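Visitor: Below is the file entry02.cif, which contains mmCIF, N, CA and C atoms.
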```cif
data_run
#
loop_
_atom_site.label_atom_id
_atom_site.label_comp_id
_atom_site.auth_asym_id
_atom_site.auth_seq_id
_atom_site.Cartn_x
_atom_site.Cartn_y
_atom_site.Cartn_z
N LEU R 1 44.90 34.19 -114.81
CA LEU R 1 45.78 34.56 -115.90
C LEU R 1 45.31 33.91 -117.20
N GLY R 2 44.99 32.64 -117.12
CA GLY R 2 44.49 31.94 -118.31
C GLY R 2 43.20 32.55 -118.82
N ALA R 3 42.32 32.93 -117.91
CA ALA R 3 41.05 33.53 -118.30
C ALA R 3 41.26 34.89 -118.97
N ILE R 4 42.19 35.67 -118.47
CA ILE R 4 42.48 36.97 -119.08
C ILE R 4 43.04 36.78 -120.48
N ILE R 5 43.89 35.78 -120.66
CA ILE R 5 44.46 35.52 -121.99
C ILE R 5 43.37 35.08 -122.95
N ILE R 6 42.46 34.23 -122.49
CA ILE R 6 41.33 33.82 -123.34
C ILE R 6 40.52 35.05 -123.74
N ASP R 7 40.24 35.93 -122.79
CA ASP R 7 39.49 37.16 -123.09
C ASP R 7 40.21 38.00 -124.14
N GLU R 8 41.51 38.16 -124.00
CA GLU R 8 42.26 38.98 -124.96
C GLU R 8 42.25 38.34 -126.35
N ILE R 9 42.33 37.02 -126.42
CA ILE R 9 42.27 36.33 -127.71
C ILE R 9 40.90 36.50 -128.34
N VAL R 10 39.85 36.35 -127.54
CA VAL R 10 38.49 36.49 -128.06
C VAL R 10 38.25 37.89 -128.62
N ARG R 11 38.81 38.90 -127.98
CA ARG R 11 38.58 40.29 -128.39
C ARG R 11 39.54 40.79 -129.46
N LEU R 12 40.53 39.97 -129.83
CA LEU R 12 41.54 40.40 -130.79
C LEU R 12 40.93 40.54 -132.18
N ASN R 13 41.08 41.73 -132.73
CA ASN R 13 40.66 42.00 -134.10
C ASN R 13 41.68 41.37 -135.03
N PRO R 14 41.26 40.68 -136.10
CA PRO R 14 42.21 40.01 -136.98
C PRO R 14 43.28 40.94 -137.57
N PHE R 15 42.97 42.20 -137.75
CA PHE R 15 43.93 43.13 -138.33
C PHE R 15 44.73 43.88 -137.27
N GLU R 16 44.38 43.68 -136.02
CA GLU R 16 45.01 44.42 -134.93
C GLU R 16 46.51 44.14 -134.84
N GLU R 17 46.91 42.89 -135.07
CA GLU R 17 48.32 42.55 -134.98
C GLU R 17 49.12 43.33 -136.03
N ILE R 18 48.57 43.48 -137.21
CA ILE R 18 49.26 44.23 -138.28
C ILE R 18 49.31 45.71 -137.93
N THR R 19 48.18 46.28 -137.53
CA THR R 19 48.16 47.71 -137.23
C THR R 19 48.99 48.04 -135.99
N ASP R 20 48.99 47.15 -134.99
CA ASP R 20 49.80 47.38 -133.80
C ASP R 20 51.29 47.34 -134.14
N LYS R 21 51.69 46.38 -134.96
CA LYS R 21 53.09 46.27 -135.36
C LYS R 21 53.53 47.52 -136.12
N LEU R 22 52.70 47.97 -137.04
CA LEU R 22 53.03 49.18 -137.80
C LEU R 22 53.05 50.41 -136.89
N GLY R 23 52.10 50.47 -135.98
CA GLY R 23 52.04 51.60 -135.04
C GLY R 23 53.27 51.67 -134.17
N ALA R 24 53.73 50.52 -133.70
CA ALA R 24 54.92 50.49 -132.84
C ALA R 24 56.18 50.82 -133.63
N ALA R 25 56.26 50.29 -134.85
CA ALA R 25 57.48 50.44 -135.63
C ALA R 25 57.63 51.83 -136.25
N PHE R 26 56.55 52.36 -136.78
CA PHE R 26 56.68 53.59 -137.56
C PHE R 26 56.16 54.85 -136.88
N VAL R 27 55.19 54.68 -136.02
CA VAL R 27 54.59 55.84 -135.40
C VAL R 27 55.01 55.98 -133.93
N GLY R 28 55.36 54.86 -133.31
CA GLY R 28 55.76 54.89 -131.91
C GLY R 28 54.60 55.03 -130.95
N VAL R 29 53.40 54.59 -131.36
CA VAL R 29 52.23 54.72 -130.50
C VAL R 29 52.23 53.62 -129.43
N ASN R 30 51.42 53.80 -128.44
CA ASN R 30 51.32 52.85 -127.33
C ASN R 30 50.42 51.68 -127.73
N THR R 31 50.95 50.79 -128.54
CA THR R 31 50.17 49.67 -129.05
C THR R 31 50.18 48.51 -128.06
N SER R 32 49.36 47.53 -128.35
CA SER R 32 49.33 46.28 -127.58
C SER R 32 50.10 45.22 -128.35
N ALA R 33 50.64 44.26 -127.62
CA ALA R 33 51.39 43.19 -128.28
C ALA R 33 51.21 41.88 -127.54
N GLY R 34 51.33 40.82 -128.30
CA GLY R 34 51.35 39.48 -127.74
C GLY R 34 50.00 38.92 -127.40
N ILE R 35 50.04 37.70 -126.96
CA ILE R 35 48.83 36.95 -126.67
C ILE R 35 48.00 37.59 -125.56
N ALA R 36 48.66 38.29 -124.65
CA ALA R 36 47.94 38.95 -123.55
C ALA R 36 47.65 40.42 -123.85
N GLN R 37 47.98 40.88 -125.06
CA GLN R 37 47.70 42.25 -125.50
C GLN R 37 48.18 43.29 -124.47
N VAL R 38 49.46 43.23 -124.15
CA VAL R 38 50.07 44.14 -123.18
C VAL R 38 50.47 45.42 -123.91
N LYS R 39 50.07 46.56 -123.37
CA LYS R 39 50.44 47.86 -123.94
C LYS R 39 51.92 48.12 -123.68
N MET R 40 52.55 48.83 -124.60
CA MET R 40 53.98 49.13 -124.48
C MET R 40 54.28 49.97 -123.24
N ASP R 41 53.45 50.95 -122.94
CA ASP R 41 53.67 51.76 -121.74
C ASP R 41 53.52 50.92 -120.48
N THR R 42 52.59 49.97 -120.49
CA THR R 42 52.41 49.07 -119.34
C THR R 42 53.65 48.20 -119.17
N ALA R 43 54.15 47.63 -120.27
CA ALA R 43 55.35 46.79 -120.20
C ALA R 43 56.53 47.59 -119.66
N SER R 44 56.70 48.79 -120.16
CA SER R 44 57.79 49.65 -119.70
C SER R 44 57.65 49.96 -118.20
N ASP R 45 56.45 50.30 -117.78
CA ASP R 45 56.20 50.59 -116.35
C ASP R 45 56.46 49.37 -115.46
N LEU R 46 56.09 48.19 -115.94
CA LEU R 46 56.31 46.97 -115.15
C LEU R 46 57.80 46.67 -115.00
N ILE R 47 58.57 46.96 -116.04
CA ILE R 47 60.02 46.77 -115.95
C ILE R 47 60.61 47.81 -114.99
N LYS R 48 60.21 49.08 -115.15
CA LYS R 48 60.73 50.15 -114.28
C LYS R 48 60.45 49.88 -112.82
N SER R 49 59.25 49.39 -112.53
CA SER R 49 58.85 49.19 -111.14
C SER R 49 59.32 47.87 -110.55
N GLY R 50 59.98 47.04 -111.36
CA GLY R 50 60.52 45.79 -110.87
C GLY R 50 59.54 44.63 -110.85
N TYR R 51 58.37 44.79 -111.42
CA TYR R 51 57.41 43.69 -111.47
C TYR R 51 57.75 42.68 -112.55
N TYR R 52 58.49 43.12 -113.54
CA TYR R 52 58.91 42.21 -114.61
C TYR R 52 60.41 42.32 -114.77
N ASN R 53 61.10 41.19 -114.73
CA ASN R 53 62.55 41.14 -114.89
C ASN R 53 62.84 40.59 -116.28
N PRO R 54 63.22 41.45 -117.22
CA PRO R 54 63.42 40.99 -118.59
C PRO R 54 64.63 40.07 -118.73
N ASN R 55 64.67 39.41 -119.86
CA ASN R 55 65.76 38.52 -120.21
C ASN R 55 67.08 39.26 -120.07
N PRO R 56 68.02 38.74 -119.27
CA PRO R 56 69.29 39.46 -119.07
C PRO R 56 70.12 39.58 -120.34
N ASP R 57 69.82 38.78 -121.36
CA ASP R 57 70.54 38.89 -122.63
C ASP R 57 70.19 40.17 -123.39
N ASP R 58 69.13 40.82 -122.98
CA ASP R 58 68.72 42.07 -123.62
C ASP R 58 68.88 43.20 -122.60
N SER R 59 70.10 43.70 -122.48
CA SER R 59 70.40 44.71 -121.47
C SER R 59 69.66 46.02 -121.72
N LYS R 60 69.16 46.23 -122.93
CA LYS R 60 68.39 47.44 -123.22
C LYS R 60 67.13 47.50 -122.36
N LEU R 61 66.63 46.33 -121.97
CA LEU R 61 65.36 46.27 -121.24
C LEU R 61 65.53 46.27 -119.73
N SER R 62 66.66 46.69 -119.24
CA SER R 62 66.85 46.77 -117.80
C SER R 62 66.06 47.95 -117.24
N PRO R 63 65.72 47.92 -115.95
CA PRO R 63 65.01 49.07 -115.37
C PRO R 63 65.75 50.39 -115.57
N ALA R 64 67.06 50.35 -115.57
CA ALA R 64 67.84 51.58 -115.73
C ALA R 64 67.83 52.11 -117.17
N ASN R 65 67.64 51.21 -118.13
CA ASN R 65 67.72 51.61 -119.55
C ASN R 65 66.38 51.64 -120.27
N ILE R 66 65.32 51.18 -119.64
CA ILE R 66 64.04 51.02 -120.35
C ILE R 66 63.54 52.33 -120.96
N HIS R 67 63.85 53.46 -120.35
CA HIS R 67 63.39 54.74 -120.89
C HIS R 67 64.06 55.09 -122.22
N LYS R 68 65.15 54.40 -122.56
CA LYS R 68 65.86 54.65 -123.81
C LYS R 68 65.41 53.73 -124.94
N VAL R 69 64.60 52.74 -124.63
CA VAL R 69 64.22 51.70 -125.59
C VAL R 69 63.08 52.20 -126.48
N SER R 70 63.18 51.93 -127.76
CA SER R 70 62.10 52.30 -128.68
C SER R 70 60.91 51.38 -128.44
N ARG R 71 59.74 51.88 -128.76
CA ARG R 71 58.54 51.04 -128.62
C ARG R 71 58.62 49.86 -129.58
N SER R 72 59.26 50.05 -130.72
CA SER R 72 59.41 48.96 -131.68
C SER R 72 60.22 47.81 -131.07
N HIS R 73 61.33 48.13 -130.41
CA HIS R 73 62.16 47.10 -129.78
C HIS R 73 61.35 46.39 -128.69
N LEU R 74 60.68 47.15 -127.87
CA LEU R 74 59.87 46.57 -126.80
C LEU R 74 58.74 45.73 -127.37
N TYR R 75 58.12 46.20 -128.44
CA TYR R 75 57.04 45.45 -129.10
C TYR R 75 57.50 44.06 -129.50
N HIS R 76 58.65 43.97 -130.13
CA HIS R 76 59.15 42.68 -130.60
C HIS R 76 59.47 41.74 -129.43
N TYR R 77 59.81 42.28 -128.30
CA TYR R 77 60.04 41.48 -127.10
C TYR R 77 58.72 41.01 -126.50
N VAL R 78 57.79 41.93 -126.33
CA VAL R 78 56.51 41.63 -125.68
C VAL R 78 55.64 40.70 -126.51
N LYS R 79 55.76 40.75 -127.83
CA LYS R 79 54.88 39.94 -128.67
C LYS R 79 55.16 38.44 -128.55
N LYS R 80 56.33 38.06 -128.05
CA LYS R 80 56.64 36.65 -127.86
C LYS R 80 55.75 36.11 -126.74
N PRO R 81 55.07 34.98 -126.98
CA PRO R 81 54.11 34.47 -125.99
C PRO R 81 54.67 34.32 -124.58
N GLU R 82 55.89 33.82 -124.45
CA GLU R 82 56.43 33.61 -123.10
C GLU R 82 56.62 34.93 -122.36
N HIS R 83 56.91 36.00 -123.08
CA HIS R 83 57.06 37.30 -122.43
C HIS R 83 55.70 37.96 -122.19
N SER R 84 54.83 37.86 -123.17
CA SER R 84 53.50 38.47 -123.05
C SER R 84 52.74 37.90 -121.85
N ILE R 85 52.80 36.59 -121.69
CA ILE R 85 52.12 35.95 -120.57
C ILE R 85 52.74 36.39 -119.25
N SER R 86 54.06 36.47 -119.21
CA SER R 86 54.73 36.90 -117.98
C SER R 86 54.42 38.35 -117.65
N PHE R 87 54.31 39.21 -118.67
CA PHE R 87 53.92 40.60 -118.43
C PHE R 87 52.51 40.66 -117.87
N ALA R 88 51.61 39.83 -118.40
CA ALA R 88 50.23 39.81 -117.90
C ALA R 88 50.20 39.40 -116.43
N ALA R 89 50.99 38.38 -116.08
CA ALA R 89 51.05 37.96 -114.68
C ALA R 89 51.63 39.08 -113.81
N ALA R 90 52.64 39.76 -114.31
CA ALA R 90 53.24 40.87 -113.56
C ALA R 90 52.23 42.00 -113.37
N LYS R 91 51.43 42.25 -114.40
CA LYS R 91 50.41 43.30 -114.28
C LYS R 91 49.37 42.92 -113.23
N MET R 92 48.97 41.66 -113.22
CA MET R 92 48.02 41.22 -112.20
C MET R 92 48.60 41.42 -110.80
N ARG R 93 49.87 41.07 -110.61
CA ARG R 93 50.51 41.25 -109.30
C ARG R 93 50.56 42.73 -108.94
N ALA R 94 50.89 43.58 -109.91
CA ALA R 94 50.96 45.02 -109.65
C ALA R 94 49.59 45.57 -109.25
N VAL R 95 48.55 45.11 -109.91
CA VAL R 95 47.19 45.54 -109.57
C VAL R 95 46.84 45.13 -108.14
N ILE R 96 47.11 43.88 -107.81
CA ILE R 96 46.81 43.39 -106.45
C ILE R 96 47.59 44.20 -105.42
N ASP R 97 48.87 44.43 -105.67
CA ASP R 97 49.69 45.19 -104.73
C ASP R 97 49.23 46.64 -104.59
N THR R 98 48.84 47.24 -105.70
CA THR R 98 48.38 48.64 -105.67
C THR R 98 47.13 48.78 -104.81
N TRP R 99 46.26 47.81 -104.88
CA TRP R 99 44.99 47.88 -104.17
C TRP R 99 45.04 47.38 -102.73
N LYS R 100 46.11 46.68 -102.33
CA LYS R 100 46.10 46.02 -101.02
C LYS R 100 46.01 46.97 -99.84
N ALA R 101 46.39 48.22 -100.01
CA ALA R 101 46.25 49.18 -98.90
C ALA R 101 44.78 49.49 -98.62
N SER R 102 43.93 49.38 -99.66
CA SER R 102 42.51 49.67 -99.50
C SER R 102 41.67 48.43 -99.28
N ILE R 103 42.02 47.35 -99.99
CA ILE R 103 41.24 46.12 -99.92
C ILE R 103 42.06 44.97 -100.49
N ASN R 104 41.89 43.80 -99.92
CA ASN R 104 42.57 42.61 -100.45
C ASN R 104 41.74 42.06 -101.60
N ILE R 105 42.24 42.22 -102.82
CA ILE R 105 41.51 41.71 -103.98
C ILE R 105 42.14 40.41 -104.51
N SER R 106 43.11 39.87 -103.79
CA SER R 106 43.82 38.68 -104.28
C SER R 106 42.89 37.48 -104.48
N LYS R 107 41.80 37.43 -103.76
CA LYS R 107 40.82 36.34 -103.91
C LYS R 107 39.55 36.81 -104.61
N ARG R 108 39.66 37.91 -105.36
CA ARG R 108 38.51 38.48 -106.08
C ARG R 108 38.82 38.55 -107.57
N PRO R 109 38.77 37.41 -108.26
CA PRO R 109 39.15 37.40 -109.68
C PRO R 109 38.30 38.33 -110.54
N GLU R 110 37.06 38.54 -110.16
CA GLU R 110 36.20 39.44 -110.94
C GLU R 110 36.68 40.88 -110.87
N ILE R 111 37.32 41.25 -109.75
CA ILE R 111 37.88 42.60 -109.60
C ILE R 111 39.23 42.68 -110.31
N ILE R 112 40.06 41.68 -110.14
CA ILE R 112 41.37 41.66 -110.81
C ILE R 112 41.18 41.72 -112.32
N THR R 113 40.25 40.94 -112.84
CA THR R 113 40.04 40.93 -114.29
C THR R 113 39.41 42.23 -114.78
N THR R 114 38.63 42.87 -113.96
CA THR R 114 38.08 44.19 -114.32
C THR R 114 39.21 45.20 -114.39
N LEU R 115 40.08 45.19 -113.40
CA LEU R 115 41.15 46.18 -113.32
C LEU R 115 42.27 45.91 -114.31
N TYR R 116 42.39 44.69 -114.81
CA TYR R 116 43.45 44.34 -115.76
C TYR R 116 43.42 45.26 -116.99
N SER R 117 42.24 45.53 -117.48
CA SER R 117 42.15 46.33 -118.71
C SER R 117 41.94 47.82 -118.44
N LEU R 118 41.88 48.21 -117.19
CA LEU R 118 41.70 49.62 -116.85
C LEU R 118 43.02 50.18 -116.34
N LYS R 119 43.26 51.44 -116.62
CA LYS R 119 44.48 52.07 -116.13
C LYS R 119 44.09 53.25 -115.25
N GLY R 120 44.81 53.37 -114.16
CA GLY R 120 44.66 54.56 -113.34
C GLY R 120 43.46 54.60 -112.41
N LYS R 121 42.85 53.46 -112.14
CA LYS R 121 41.75 53.45 -111.19
C LYS R 121 42.31 53.64 -109.79
N THR R 122 41.75 54.57 -109.06
CA THR R 122 42.19 54.84 -107.70
C THR R 122 41.65 53.77 -106.76
N PRO R 123 42.55 53.10 -106.02
CA PRO R 123 42.08 52.08 -105.08
C PRO R 123 41.10 52.65 -104.05
N HIS R 124 40.10 51.86 -103.74
CA HIS R 124 39.12 52.22 -102.72
C HIS R 124 38.56 50.93 -102.12
N ALA R 125 37.79 51.05 -101.07
CA ALA R 125 37.35 49.89 -100.30
C ALA R 125 36.24 49.07 -100.95
N TYR R 126 35.53 49.62 -101.93
CA TYR R 126 34.38 48.90 -102.49
C TYR R 126 34.42 48.81 -104.01
N PRO R 127 35.43 48.15 -104.58
CA PRO R 127 35.47 48.04 -106.04
C PRO R 127 34.36 47.13 -106.55
N GLN R 128 33.85 47.47 -107.71
CA GLN R 128 32.79 46.70 -108.33
C GLN R 128 33.28 46.13 -109.66
N PRO R 129 32.90 44.90 -109.98
CA PRO R 129 33.33 44.31 -111.24
C PRO R 129 32.55 44.88 -112.42
N SER R 130 33.20 44.91 -113.56
CA SER R 130 32.51 45.28 -114.80
C SER R 130 31.89 44.01 -115.39
N ASP R 131 31.05 44.19 -116.40
CA ASP R 131 30.48 43.02 -117.08
C ASP R 131 31.59 42.16 -117.68
N ARG R 132 32.60 42.83 -118.23
CA ARG R 132 33.73 42.10 -118.81
C ARG R 132 34.47 41.33 -117.72
N GLY R 133 34.72 41.96 -116.59
CA GLY R 133 35.40 41.29 -115.49
C GLY R 133 34.62 40.08 -115.00
N LEU R 134 33.31 40.19 -114.93
CA LEU R 134 32.47 39.06 -114.52
C LEU R 134 32.53 37.94 -115.53
N GLN R 135 32.49 38.29 -116.82
CA GLN R 135 32.56 37.25 -117.85
C GLN R 135 33.90 36.51 -117.79
N ILE R 136 34.98 37.26 -117.62
CA ILE R 136 36.30 36.63 -117.55
C ILE R 136 36.35 35.71 -116.33
N ALA R 137 35.94 36.20 -115.18
CA ALA R 137 36.02 35.43 -113.94
C ALA R 137 35.08 34.23 -113.93
N ASN R 138 33.90 34.38 -114.49
CA ASN R 138 32.91 33.32 -114.40
C ASN R 138 32.94 32.34 -115.58
N GLU R 139 33.11 32.85 -116.77
CA GLU R 139 33.04 32.00 -117.96
C GLU R 139 34.43 31.55 -118.42
N PHE R 140 35.32 32.50 -118.63
CA PHE R 140 36.63 32.17 -119.19
C PHE R 140 37.53 31.45 -118.19
N TYR R 141 37.34 31.71 -116.90
CA TYR R 141 38.13 31.01 -115.88
C TYR R 141 37.85 29.51 -115.92
N LYS R 142 36.59 29.15 -116.03
CA LYS R 142 36.22 27.73 -116.10
C LYS R 142 36.81 27.09 -117.36
N LEU R 143 36.75 27.83 -118.45
CA LEU R 143 37.30 27.34 -119.71
C LEU R 143 38.82 27.14 -119.60
N ALA R 144 39.50 28.09 -118.99
CA ALA R 144 40.96 27.98 -118.81
C ALA R 144 41.31 26.79 -117.92
N LYS R 145 40.56 26.59 -116.85
CA LYS R 145 40.81 25.43 -115.98
C LYS R 145 40.66 24.12 -116.74
N ASP R 146 39.63 24.03 -117.59
CA ASP R 146 39.41 22.83 -118.38
C ASP R 146 40.57 22.59 -119.37
N TRP R 147 41.02 23.66 -120.01
CA TRP R 147 42.12 23.54 -120.98
C TRP R 147 43.43 23.16 -120.32
N LEU R 148 43.64 23.62 -119.09
CA LEU R 148 44.92 23.37 -118.44
C LEU R 148 44.99 22.03 -117.70
N ARG R 149 43.94 21.27 -117.76
CA ARG R 149 43.95 19.95 -117.10
C ARG R 149 44.82 18.99 -117.84
#
```
Could you show the structure in this file as structure tokens?

Guide:
Amino acid sequence: LGAIIIDEIVRLNPFEEITDKLGAAFVGVNTSAGIAQVKMDTASDLIKSGYYNPNPDDSKLSPANIHKVSRSHLYHYVKKPEHSISFAAAKMRAVIDTWKASINISKRPEIITTLYSLKGKTPHAYPQPSDRGLQIANEFYKLAKDWLR
């Protein structure tokens, strides 16, 4: 999780936060938000599927009501670091669970990190890591471990 967050920070365009905020607020596009750069559709799907349990003080974000929530409202929730990080962890769990019928990837960080940024990959028995997934698992994971000591 720490390595994925480092990767997202490294890849963040300085103007992306401004354009994403405007996109969510005025256009309603599927922007990314927060330190883990979680897409609004991903956040919504994680709430619907029960992988993320939003703050009970915001009843708009319940699984039953999430389809009624504007992307702008969701954006402002997801952009908070504590929520963004939790959404990223939920996405990792969802990826692992989706793939477990084909292969156990829970001990394959290079595959988890590859799949984190991809949507809609069909699970199969022989997943291969991308260069980005390898960099996250090999380089950024060590960096995250050092920072968290």

Visitor: In Å, rounded to a single decimal, give me how far atom N of Thr113 of chain R is from atom N of Pro129 of chain R.

Guide: 8.8 Å

Visitor: As a PyMOL selection string, please: the residues near segment 93-95 of chain R (cut-off 9 Å, only C-alpha atoms, same-chain neighbours under 2 positions excluded).

Guide: chain R and resi 46+51+88-91+97-100+105-106+112+115-116

Visitor: Which distance in Å separates atom N of Ser72 of chain R and atom N of Ser44 of chain R, to one decimal?

Guide: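 It comes out at 10.9 Å.
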
Visitor: Please return, as a VMD selection string, all residues of chain R that DSSP assigns to helix (DSSP H, G or I) on the basis of the backbone.

Guide: chain R and resid 2 to 11 16 to 27 40 to 48 59 to 61 66 to 68 71 to 78 81 to 99 109 to 116 131 to 147

Visitor: Do you have the atom CA of Thr31 of chain R-atom CA of Ala137 of chain R distance handy?

Guide: 25.1 Å

Visitor: Please evaluate the PyMOL selection byres ((chain R and resi 52-54) around 8) against the structure above and give the resulting residues as number ranges by chain.

Guide: R: 43, 45-51, 55-59, 61-63, 86-87, 89-91

Visitor: Expanded to explicit residues, what is the PyMOL selection byres (((chain R and resi 138-144 and name CA) around 12) and name CA) for this file, as an mmCIF file with N, CA and C atoms, in the frame of the given file?

Guide:
```cif
data_model
loop_
_atom_site.group_PDB
_atom_site.id
_atom_site.type_symbol
_atom_site.label_atom_id
_atom_site.label_comp_id
_atom_site.auth_asym_id
_atom_site.auth_seq_id
_atom_site.Cartn_x
_atom_site.Cartn_y
_atom_site.Cartn_z
ATOM 1 N N LEU R 1 44.900 34.190 -114.810
ATOM 2 C CA LEU R 1 45.780 34.560 -115.900
ATOM 3 C C LEU R 1 45.310 33.910 -117.200
ATOM 4 N N GLY R 2 44.990 32.640 -117.120
ATOM 5 C CA GLY R 2 44.490 31.940 -118.310
ATOM 6 C C GLY R 2 43.200 32.550 -118.820
ATOM 7 N N ALA R 3 42.320 32.930 -117.910
ATOM 8 C CA ALA R 3 41.050 33.530 -118.300
ATOM 9 C C ALA R 3 41.260 34.890 -118.970
ATOM 10 N N ILE R 4 42.190 35.670 -118.470
ATOM 11 C CA ILE R 4 42.480 36.970 -119.080
ATOM 12 C C ILE R 4 43.040 36.780 -120.480
ATOM 13 N N ILE R 5 43.890 35.780 -120.660
ATOM 14 C CA ILE R 5 44.460 35.520 -121.990
ATOM 15 C C ILE R 5 43.370 35.080 -122.950
ATOM 16 N N ILE R 6 42.460 34.230 -122.490
ATOM 17 C CA ILE R 6 41.330 33.820 -123.340
ATOM 18 C C ILE R 6 40.520 35.050 -123.740
ATOM 19 N N ASP R 7 40.240 35.930 -122.790
ATOM 20 C CA ASP R 7 39.490 37.160 -123.090
ATOM 21 C C ASP R 7 40.210 38.000 -124.140
ATOM 22 N N GLU R 8 41.510 38.160 -124.000
ATOM 23 C CA GLU R 8 42.260 38.980 -124.960
ATOM 24 C C GLU R 8 42.250 38.340 -126.350
ATOM 25 N N ILE R 9 42.330 37.020 -126.420
ATOM 26 C CA ILE R 9 42.270 36.330 -127.710
ATOM 27 C C ILE R 9 40.900 36.500 -128.340
ATOM 28 N N VAL R 10 39.850 36.350 -127.540
ATOM 29 C CA VAL R 10 38.490 36.490 -128.060
ATOM 30 C C VAL R 10 38.250 37.890 -128.620
ATOM 31 N N ARG R 108 39.660 37.910 -105.360
ATOM 32 C CA ARG R 108 38.510 38.480 -106.080
ATOM 33 C C ARG R 108 38.820 38.550 -107.570
ATOM 34 N N PRO R 109 38.770 37.410 -108.260
ATOM 35 C CA PRO R 109 39.150 37.400 -109.680
ATOM 36 C C PRO R 109 38.300 38.330 -110.540
ATOM 37 N N GLU R 110 37.060 38.540 -110.160
ATOM 38 C CA GLU R 110 36.200 39.440 -110.940
ATOM 39 C C GLU R 110 36.680 40.880 -110.870
ATOM 40 N N ILE R 111 37.320 41.250 -109.750
ATOM 41 C CA ILE R 111 37.880 42.600 -109.600
ATOM 42 C C ILE R 111 39.230 42.680 -110.310
ATOM 43 N N THR R 113 40.250 40.940 -112.840
ATOM 44 C CA THR R 113 40.040 40.930 -114.290
ATOM 45 C C THR R 113 39.410 42.230 -114.780
ATOM 46 N N PRO R 129 32.900 44.900 -109.980
ATOM 47 C CA PRO R 129 33.330 44.310 -111.240
ATOM 48 C C PRO R 129 32.550 44.880 -112.420
ATOM 49 N N SER R 130 33.200 44.910 -113.560
ATOM 50 C CA SER R 130 32.510 45.280 -114.800
ATOM 51 C C SER R 130 31.890 44.010 -115.390
ATOM 52 N N ASP R 131 31.050 44.190 -116.400
ATOM 53 C CA ASP R 131 30.480 43.020 -117.080
ATOM 54 C C ASP R 131 31.590 42.160 -117.680
ATOM 55 N N ARG R 132 32.600 42.830 -118.230
ATOM 56 C CA ARG R 132 33.730 42.100 -118.810
ATOM 57 C C ARG R 132 34.470 41.330 -117.720
ATOM 58 N N GLY R 133 34.720 41.960 -116.590
ATOM 59 C CA GLY R 133 35.400 41.290 -115.490
ATOM 60 C C GLY R 133 34.620 40.080 -115.000
ATOM 61 N N LEU R 134 33.310 40.190 -114.930
ATOM 62 C CA LEU R 134 32.470 39.060 -114.520
ATOM 63 C C LEU R 134 32.530 37.940 -115.530
ATOM 64 N N GLN R 135 32.490 38.290 -116.820
ATOM 65 C CA GLN R 135 32.560 37.250 -117.850
ATOM 66 C C GLN R 135 33.900 36.510 -117.790
ATOM 67 N N ILE R 136 34.980 37.260 -117.620
ATOM 68 C CA ILE R 136 36.300 36.630 -117.550
ATOM 69 C C ILE R 136 36.350 35.710 -116.330
ATOM 70 N N ALA R 137 35.940 36.200 -115.180
ATOM 71 C CA ALA R 137 36.020 35.430 -113.940
ATOM 72 C C ALA R 137 35.080 34.230 -113.930
ATOM 73 N N LYS R 145 40.560 26.590 -116.850
ATOM 74 C CA LYS R 145 40.810 25.430 -115.980
ATOM 75 C C LYS R 145 40.660 24.120 -116.740
ATOM 76 N N ASP R 146 39.630 24.030 -117.590
ATOM 77 C CA ASP R 146 39.410 22.830 -118.380
ATOM 78 C C ASP R 146 40.570 22.590 -119.370
ATOM 79 N N TRP R 147 41.020 23.660 -120.010
ATOM 80 C CA TRP R 147 42.120 23.540 -120.980
ATOM 81 C C TRP R 147 43.430 23.160 -120.320
ATOM 82 N N LEU R 148 43.640 23.620 -119.090
ATOM 83 C CA LEU R 148 44.920 23.370 -118.440
ATOM 84 C C LEU R 148 44.990 22.030 -117.700
ATOM 85 N N ARG R 149 43.940 21.270 -117.760
ATOM 86 C CA ARG R 149 43.950 19.950 -117.100
ATOM 87 C C ARG R 149 44.820 18.990 -117.840
#
```

Visitor: Assign secondary structure with DSSP using the backbone only, and return the residues of chain R in strand (DSSP E or B) as a list in words.

Guide: Ser32, Ala33, Val38 and Lys39 of chain R

Visitor: Between R:Leu12, R:Met40, R:Leu118, R:Ala33, which is the closest to Ser70 of chain R once you count only C-alpha atoms?

Guide: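 Among R:Leu12, R:Met40, R:Leu118, R:Ala33, it is R:Met40 that comes nearest to Ser70 of chain R.
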
Visitor: Which residue, R:Ser102, R:Arg71, R:Val78, R:Gly120, has the smallest gap to Ala36 of chain R when you use only N, CA and C atoms?

Guide: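 Result for the nearest residue to Ala36 of chain R: R:Val78.
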